[in-house]
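Dropping final-v2.cif in here (mmCIF, C-alpha atoms):
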```cif
data_structure
#
loop_
_atom_site.label_atom_id
_atom_site.label_comp_id
_atom_site.auth_asym_id
_atom_site.auth_seq_id
_atom_site.Cartn_x
_atom_site.Cartn_y
_atom_site.Cartn_z
CA MET A 119 21.19 -8.58 5.74
CA ASP A 120 19.09 -9.79 2.82
CA TYR A 121 15.96 -7.83 3.67
CA LEU A 122 14.30 -8.82 0.39
CA ALA A 123 14.53 -12.52 1.24
CA ILE A 124 13.30 -11.89 4.80
CA ASN A 125 10.30 -9.84 3.71
CA LYS A 126 9.47 -12.04 0.73
CA HIS A 127 9.28 -15.07 3.00
CA ALA A 128 7.07 -13.19 5.47
CA TRP A 129 4.67 -12.02 2.77
CA ASP A 130 4.55 -15.43 1.11
CA GLN A 131 3.40 -16.81 4.46
CA ARG A 132 1.03 -13.92 5.11
CA THR A 133 -0.68 -14.29 1.77
CA ASN A 134 -1.99 -17.73 2.66
CA ILE A 135 -3.28 -16.40 5.99
CA HIS A 136 -4.88 -13.32 4.42
CA LEU A 137 -6.81 -15.36 1.88
CA ASP A 138 -8.82 -16.96 4.69
CA SER A 139 -9.39 -13.78 6.69
CA SER A 140 -12.57 -11.80 7.18
CA PHE A 141 -10.35 -8.71 6.93
CA TYR A 142 -9.93 -9.31 3.18
CA ASP A 143 -13.28 -11.10 2.77
CA LEU A 144 -12.25 -12.79 -0.45
CA GLN A 145 -15.65 -14.31 -1.22
CA ALA A 146 -17.40 -10.93 -1.04
CA PHE A 147 -14.72 -9.55 -3.36
CA ILE A 148 -15.24 -12.38 -5.84
CA ASP A 149 -18.97 -11.71 -5.68
CA GLY A 150 -18.38 -8.11 -6.77
CA LYS A 151 -17.49 -6.01 -3.73
CA SER A 152 -14.78 -3.42 -4.37
CA SER A 153 -11.74 -3.39 -2.09
CA LEU A 154 -11.16 0.33 -2.72
CA ASN A 155 -11.99 2.96 -0.10
CA PRO A 156 -13.60 6.41 -0.52
CA ILE A 157 -10.25 8.19 0.06
CA GLU A 158 -8.54 6.70 -2.98
CA LEU A 159 -11.67 6.57 -5.13
CA GLU A 160 -12.23 10.29 -4.67
CA GLN A 161 -8.57 11.22 -5.12
CA VAL A 162 -7.82 9.11 -8.19
CA GLY A 163 -11.16 9.76 -9.91
CA ASN A 164 -12.27 8.29 -13.20
CA VAL A 165 -9.88 5.57 -14.46
CA GLN A 166 -11.94 4.40 -17.44
CA GLY A 167 -9.59 3.59 -20.33
CA LYS A 168 -6.48 4.71 -18.44
CA SER A 169 -3.36 2.62 -17.88
CA LEU A 170 -2.62 2.13 -14.17
CA LEU A 171 0.46 0.70 -12.46
CA HIS A 172 -0.17 -0.61 -8.95
CA LEU A 173 3.04 -0.94 -6.92
CA GLN A 174 3.13 -3.42 -4.01
CA CYS A 175 -0.24 -4.85 -4.97
CA HIS A 176 -0.30 -7.86 -2.57
CA PHE A 177 -2.66 -10.50 -4.00
CA GLY A 178 -4.37 -8.09 -6.31
CA GLN A 179 -7.72 -7.06 -4.88
CA ASP A 180 -7.17 -3.33 -5.42
CA SER A 181 -5.61 -3.94 -8.84
CA LEU A 182 -8.63 -5.97 -9.87
CA SER A 183 -11.00 -3.38 -8.37
CA TRP A 184 -9.41 -0.67 -10.54
CA ALA A 185 -9.80 -2.99 -13.54
CA ARG A 186 -13.48 -3.42 -12.72
CA LEU A 187 -13.72 0.38 -13.00
CA GLY A 188 -12.26 0.29 -16.49
CA ALA A 189 -8.52 0.78 -15.97
CA LYS A 190 -5.86 -1.17 -17.85
CA VAL A 191 -3.93 -2.43 -14.84
CA THR A 192 -0.47 -3.81 -14.12
CA GLY A 193 0.30 -4.93 -10.55
CA VAL A 194 3.77 -5.52 -9.08
CA ASP A 195 4.64 -7.27 -5.82
CA LEU A 196 7.64 -8.94 -4.16
CA SER A 197 5.71 -12.01 -2.96
CA SER A 198 5.51 -14.87 -5.44
CA GLU A 199 2.58 -16.33 -3.48
CA SER A 200 0.71 -13.03 -3.75
CA ILE A 201 1.28 -12.74 -7.49
CA ALA A 202 0.32 -16.37 -8.12
CA THR A 203 -2.93 -15.77 -6.25
CA ALA A 204 -3.55 -12.49 -8.10
CA LYS A 205 -3.16 -14.22 -11.46
CA LYS A 206 -5.64 -16.92 -10.43
CA LEU A 207 -8.16 -14.29 -9.33
CA ALA A 208 -7.75 -12.35 -12.57
CA ALA A 209 -8.43 -15.51 -14.57
CA GLN A 210 -11.39 -16.45 -12.38
CA LEU A 211 -12.92 -12.97 -12.73
CA HIS A 212 -12.06 -12.68 -16.44
CA LEU A 213 -10.16 -9.44 -15.88
CA PRO A 214 -7.16 -8.75 -18.19
CA VAL A 215 -4.78 -7.54 -15.46
CA THR A 216 -1.03 -8.10 -15.79
CA PHE A 217 0.75 -9.16 -12.59
CA ILE A 218 4.54 -9.06 -12.20
CA ASN A 219 6.51 -10.75 -9.41
CA ASN A 220 9.41 -8.42 -8.68
CA ASP A 221 10.99 -6.10 -6.15
CA ILE A 222 9.90 -2.63 -7.21
CA TYR A 223 13.46 -1.32 -7.40
CA GLN A 224 14.36 -4.11 -9.83
CA PHE A 225 11.11 -3.49 -11.67
CA GLY A 226 11.94 0.22 -11.92
CA GLY A 227 15.39 -0.51 -13.29
CA ASN A 228 13.99 -2.70 -16.08
CA ASN A 229 10.65 -1.07 -16.83
CA THR A 230 10.23 0.72 -20.16
CA THR A 231 6.44 1.11 -20.09
CA GLN A 232 4.78 4.36 -19.06
CA TYR A 233 1.37 4.62 -17.43
CA ASP A 234 -1.29 7.30 -16.99
CA ILE A 235 -1.52 6.54 -13.25
CA VAL A 236 0.80 5.02 -10.66
CA PHE A 237 -0.98 3.98 -7.46
CA THR A 238 0.17 2.53 -4.15
CA SER A 239 -1.55 2.34 -0.77
CA TYR A 240 -1.81 1.31 2.88
CA GLY A 241 1.29 -0.08 4.52
CA VAL A 242 3.68 0.06 1.57
CA LEU A 243 6.49 2.49 2.40
CA ALA A 244 7.76 0.81 5.57
CA TRP A 245 9.10 -2.06 3.46
CA LEU A 246 11.36 0.21 1.40
CA PRO A 247 14.82 1.35 2.55
CA ASP A 248 15.34 4.01 -0.16
CA LEU A 249 12.57 6.43 -1.11
CA THR A 250 14.79 8.18 -3.66
CA ARG A 251 14.85 5.04 -5.82
CA TRP A 252 11.15 4.51 -5.14
CA ALA A 253 10.29 8.00 -6.39
CA GLN A 254 12.53 7.58 -9.43
CA THR A 255 10.71 4.34 -10.26
CA ILE A 256 7.40 6.22 -10.12
CA ALA A 257 8.62 9.14 -12.23
CA GLY A 258 10.07 6.80 -14.84
CA ALA A 259 6.82 4.85 -15.05
CA LEU A 260 4.57 7.87 -15.63
CA THR A 261 3.57 9.29 -18.99
CA PRO A 262 4.04 13.07 -19.39
CA GLY A 263 1.07 14.55 -17.53
CA GLY A 264 0.55 11.29 -15.63
CA GLU A 265 -0.49 11.19 -11.97
CA PHE A 266 0.90 9.45 -8.92
CA HIS A 267 -1.42 8.64 -6.00
CA LEU A 268 -0.30 7.47 -2.57
CA VAL A 269 -2.61 6.64 0.34
CA GLU A 270 -0.65 5.54 3.39
CA PHE A 271 -0.85 5.02 7.14
CA HIS A 272 0.32 8.13 8.96
CA PRO A 273 3.75 7.72 10.60
CA PHE A 274 2.65 9.76 13.62
CA ASN A 275 0.81 6.73 14.93
CA ASP A 276 4.04 4.72 14.71
CA VAL A 277 5.60 7.08 17.23
CA LEU A 278 2.77 6.40 19.67
CA SER A 279 3.40 2.70 19.14
CA GLY A 280 7.06 3.05 20.12
CA TYR A 281 8.69 3.24 16.69
CA GLY A 282 10.91 5.99 15.33
CA TYR A 283 9.60 8.76 13.12
CA PHE A 284 12.68 9.91 11.25
CA ALA A 285 14.48 8.00 8.49
CA GLN A 286 17.25 5.60 9.46
CA SER A 287 19.83 3.61 7.53
CA GLN A 288 19.30 0.32 9.35
CA PRO A 289 15.92 -1.44 9.46
CA ASP A 290 13.88 -2.37 12.47
CA VAL A 291 13.99 -6.18 12.47
CA GLU A 292 11.23 -7.79 14.50
CA ASP A 293 9.31 -11.03 14.91
CA GLU A 294 5.60 -10.29 14.65
CA VAL A 295 2.21 -11.64 13.63
CA THR A 296 0.31 -10.28 10.67
CA TYR A 297 -2.54 -7.78 11.01
CA THR A 298 -5.51 -9.96 10.09
CA GLU A 299 -7.75 -11.43 12.78
CA ASN A 300 -6.86 -15.03 11.88
CA HIS A 301 -3.09 -14.79 12.41
CA ASN A 302 -3.21 -17.63 15.00
CA ASP A 303 -0.05 -16.23 16.62
CA LYS A 304 2.05 -17.28 13.62
CA ILE A 305 5.24 -15.21 13.84
CA GLU A 306 7.38 -14.08 10.92
CA THR A 307 10.55 -11.98 10.90
CA VAL A 308 10.22 -8.66 9.04
CA ALA A 309 12.51 -5.74 8.26
CA THR A 310 10.98 -2.25 8.05
CA TRP A 311 12.06 1.39 7.87
CA PRO A 312 10.31 4.57 9.13
CA HIS A 313 9.66 7.39 6.66
CA PRO A 314 8.46 10.84 7.78
CA LEU A 315 6.16 12.85 5.53
CA SER A 316 8.98 15.26 4.72
CA GLU A 317 11.09 12.42 3.30
CA VAL A 318 8.23 11.13 1.15
CA ILE A 319 7.43 14.57 -0.27
CA SER A 320 11.08 15.51 -0.82
CA ALA A 321 11.79 12.24 -2.65
CA LEU A 322 8.91 12.84 -5.06
CA ILE A 323 9.99 16.44 -5.70
CA SER A 324 13.61 15.36 -6.26
CA ALA A 325 12.40 12.85 -8.84
CA GLY A 326 10.89 15.72 -10.81
CA LEU A 327 7.26 15.28 -9.78
CA ARG A 328 4.97 18.17 -8.87
CA ILE A 329 3.05 17.84 -5.62
CA GLU A 330 -0.60 18.58 -6.39
CA GLY A 331 -2.03 17.91 -2.94
CA VAL A 332 -1.39 16.45 0.51
CA ASN A 333 -4.20 15.42 2.84
CA GLU A 334 -4.27 13.99 6.37
CA TYR A 335 -7.18 12.08 7.90
CA PRO A 336 -8.12 11.46 11.56
CA PHE A 337 -9.59 8.07 10.67
CA SER A 338 -8.65 4.80 8.99
CA PRO A 339 -10.82 2.55 6.83
CA TYR A 340 -9.21 -0.45 8.53
CA ASP A 341 -9.54 -1.74 12.08
CA CYS A 342 -5.95 -2.95 12.21
CA ILE A 343 -4.44 -0.84 15.01
CA GLU A 344 -4.99 -1.49 18.70
CA GLY A 345 -7.35 0.93 20.44
CA LEU A 346 -9.40 2.11 17.46
CA GLU A 347 -13.08 2.96 17.79
CA PHE A 348 -15.65 2.92 14.99
CA ILE A 349 -16.99 6.19 13.57
CA ASP A 350 -20.06 5.93 11.35
CA LYS A 351 -19.40 6.69 7.65
CA LYS A 352 -15.71 7.38 8.35
CA GLY A 353 -14.06 4.21 9.60
CA TYR A 354 -12.00 4.03 12.79
CA GLN A 355 -10.37 6.70 14.92
CA LEU A 356 -7.82 6.80 17.72
CA ILE A 357 -8.15 9.35 20.53
CA HIS A 358 -5.04 10.44 22.46
CA ASN A 359 -5.31 13.04 25.22
CA ASP A 360 -8.83 13.89 24.01
CA HIS A 361 -7.67 14.58 20.45
CA PRO A 362 -7.96 12.44 17.29
CA ILE A 363 -4.67 11.10 15.95
CA PRO A 364 -3.87 11.39 12.23
CA LEU A 365 -4.11 7.84 10.90
CA ILE A 366 -3.99 8.23 7.10
CA TYR A 367 -2.38 10.65 4.69
CA SER A 368 -2.53 10.92 0.92
CA ILE A 369 -0.39 12.57 -1.75
CA LYS A 370 -1.21 13.40 -5.34
CA ALA A 371 1.69 14.28 -7.63
CA SER A 372 2.06 14.72 -11.38
CA LYS A 373 4.72 14.51 -14.07
CA ALA A 374 5.29 17.52 -16.31
CA LYS A 375 3.85 17.29 -19.83
#
```

As structure tokens, how would this structure be written, given the file I've shared?
Amino acid sequence: MDYLAINKHAWDQRTNIHLDSSFYDLQAFIDGKSSLNPIELEQVGNVQGKSLLHLQCHFGQDSLSWARLGAKVTGVDLSSESIATAKKLAAQLHLPVTFINNDIYQFGGNNTTQYDIVFTSYGVLAWLPDLTRWAQTIAGALTPGGEFHLVEFHPFNDVLSGYGYFAQSQPDVEDEVTYTENHNDKIETVATWPHPLSEVISALISAGLRIEGVNEYPFSPYDCIEGLEFIDKKGYQLIHNDHPIPLIYSIKASKAK
């Protein structure tokens, strides 16, 4: 199975849908609104003057938001439609962000540049079959003393949705609509893999990175899961058997100096 071709086609199609969605609210972003959430802003901290690599950047809103905060940003994504859009936005906003259209494994194999920060977030790991190679890509891209920041949807919620929790060699291949409100029932085939927290942490440690912190959150900044309810100043939560479900987790790791 050529999972790269399957997922690239899906994300090329999704990009055009996402651009017109209220979920991404492109016009507000162009007018100056940041796409970054308090979780990642607090964890990553001051990026002024720092080089930042954004893996799986979609059409660049977060990459451009980091650039607005003073980072020197490079974004990488599999979708050619996403990267083409990101380049147009960078030009329109006069932000000197570099965007690269590539699978991150291929990018990692060819990359010779090192960055102060590597960042990736929200719905990225499910598209990757091999977290060992992913972590090696991150470690290779960091300067000595550099930091890696991950903010991701918690896999516990996937179990409640009927998916597996533990790693598996074969992907889940499904026909599904995208997560924005304007999907219009347009179905694309996607291939995804589950990754438990233990696999993510172990992969980063095996790549030589030091885990500086792991956090879990009973809320999500995005209303993109069925059954969520709004919580003021937090986002959205999901209650199961009278208890909040973990919806987001974050990891901070560093490379030895």

Could you check which of A:Gly193, A:Gly226, A:Pro273, A:Pro289 is closest to Gly258 (chain A), using only C-alpha atoms?
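Among A:Gly193, A:Gly226, A:Pro273, A:Pro289, it is A:Gly226 that comes nearest to Gly258 (chain A).
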
Since I can't run it myself right now, could you work out what the PyMOL selection byres ((chain A and resi 315) around 12) selects here and report it as a ChimeraX atom specification?
/A:243,249,268-274,283-285,312-314,316-322,332-334,366-369

Please measure the separation of CA of Thr231 (chain A) and CA of Phe147 (chain A), giving the value in Å to one decimal.
29.0 Å

Kindly give the distance, in Å, that separates CA of Ala146 (chain A) and CA of Gly345 (chain A), rounded to a single decimal.
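Answer for the CA of Ala146 (chain A) to CA of Gly345 (chain A) separation: 26.5 Å.
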
The PyMOL selection byres ((chain A and resi 216) around 8) - which residues does that actually catch in the file I just gave you? List them as a count of residues only.
8

Hits of the PyMOL selection byres ((chain A and resi 335-341) around 7) in this structure, as a VMD selection string:
chain A and resid 333 to 334 342 to 343 346 352 to 355 362 to 367

Taken to one decimal, the CA of Phe237 (chain A)-CA of Glu265 (chain A) distance is 8.5 Å

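Considering all atoms listed in the file, the residue among A:Glu292, A:Ile329, A:Pro262, A:Ser324 positioned nearest to Lys373 (chain A) is A:Pro262.
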
Set the distance at 10 Å and use all atoms listed in the file: which residues neighbour Ala208 (chain A) once local chain neighbours fewer than 2 positions away are removed? I'd like the list as a PDB file with C-alpha atoms, keeping the file's coordinate frame.
```pdb
ATOM      1  CA  GLY A 178      -4.370  -8.090  -6.310  1.00  0.00           C
ATOM      2  CA  GLN A 179      -7.720  -7.060  -4.880  1.00  0.00           C
ATOM      3  CA  SER A 181      -5.610  -3.940  -8.840  1.00  0.00           C
ATOM      4  CA  LEU A 182      -8.630  -5.970  -9.870  1.00  0.00           C
ATOM      5  CA  ALA A 185      -9.800  -2.990 -13.540  1.00  0.00           C
ATOM      6  CA  THR A 203      -2.930 -15.770  -6.250  1.00  0.00           C
ATOM      7  CA  ALA A 204      -3.550 -12.490  -8.100  1.00  0.00           C
ATOM      8  CA  LYS A 205      -3.160 -14.220 -11.460  1.00  0.00           C
ATOM      9  CA  LYS A 206      -5.640 -16.920 -10.430  1.00  0.00           C
ATOM     10  CA  GLN A 210     -11.390 -16.450 -12.380  1.00  0.00           C
ATOM     11  CA  LEU A 211     -12.920 -12.970 -12.730  1.00  0.00           C
ATOM     12  CA  HIS A 212     -12.060 -12.680 -16.440  1.00  0.00           C
ATOM     13  CA  LEU A 213     -10.160  -9.440 -15.880  1.00  0.00           C
ATOM     14  CA  PRO A 214      -7.160  -8.750 -18.190  1.00  0.00           C
ATOM     15  CA  VAL A 215      -4.780  -7.540 -15.460  1.00  0.00           C
ATOM     16  CA  THR A 216      -1.030  -8.100 -15.790  1.00  0.00           C
ATOM     17  CA  PHE A 217       0.750  -9.160 -12.590  1.00  0.00           C
TER      18      PHE A 217
END
```

Taking only C-alpha atoms into account, which of A:His136, A:Ala259, A:Ile235, A:Val308 comes nearest Gln161 (chain A)?
A:Ile235

For a quick check of understanding, using all atoms listed in the file, which of A:Ala128, A:Gln224, A:Met119, A:Val242 has the smallest distance to Thr296 (chain A)?
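Comparing A:Ala128, A:Gln224, A:Met119, A:Val242 against Thr296 (chain A), the winner is A:Ala128.
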
A:Ser153, A:Gln145, A:Thr238, A:Ser197: which is nearest Leu173 (chain A), counting all atoms listed in the file?
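Answer, going by the shortest atom-to-atom distance: A:Thr238.
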
Pick from A:His301, A:His176, A:Lys168, A:Lys351: nearest to Lys126 (chain A), with all atoms listed in the file counted?
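Among the listed residues, the smallest separation from Lys126 (chain A) belongs to A:His176.
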
Applying 9 Å and all atoms listed in the file, which residues near Ser139 (chain A) remain after dropping the ones on its own chain fewer than 5 positions away? List them as a ChimeraX atom specification.
/A:144,298-301
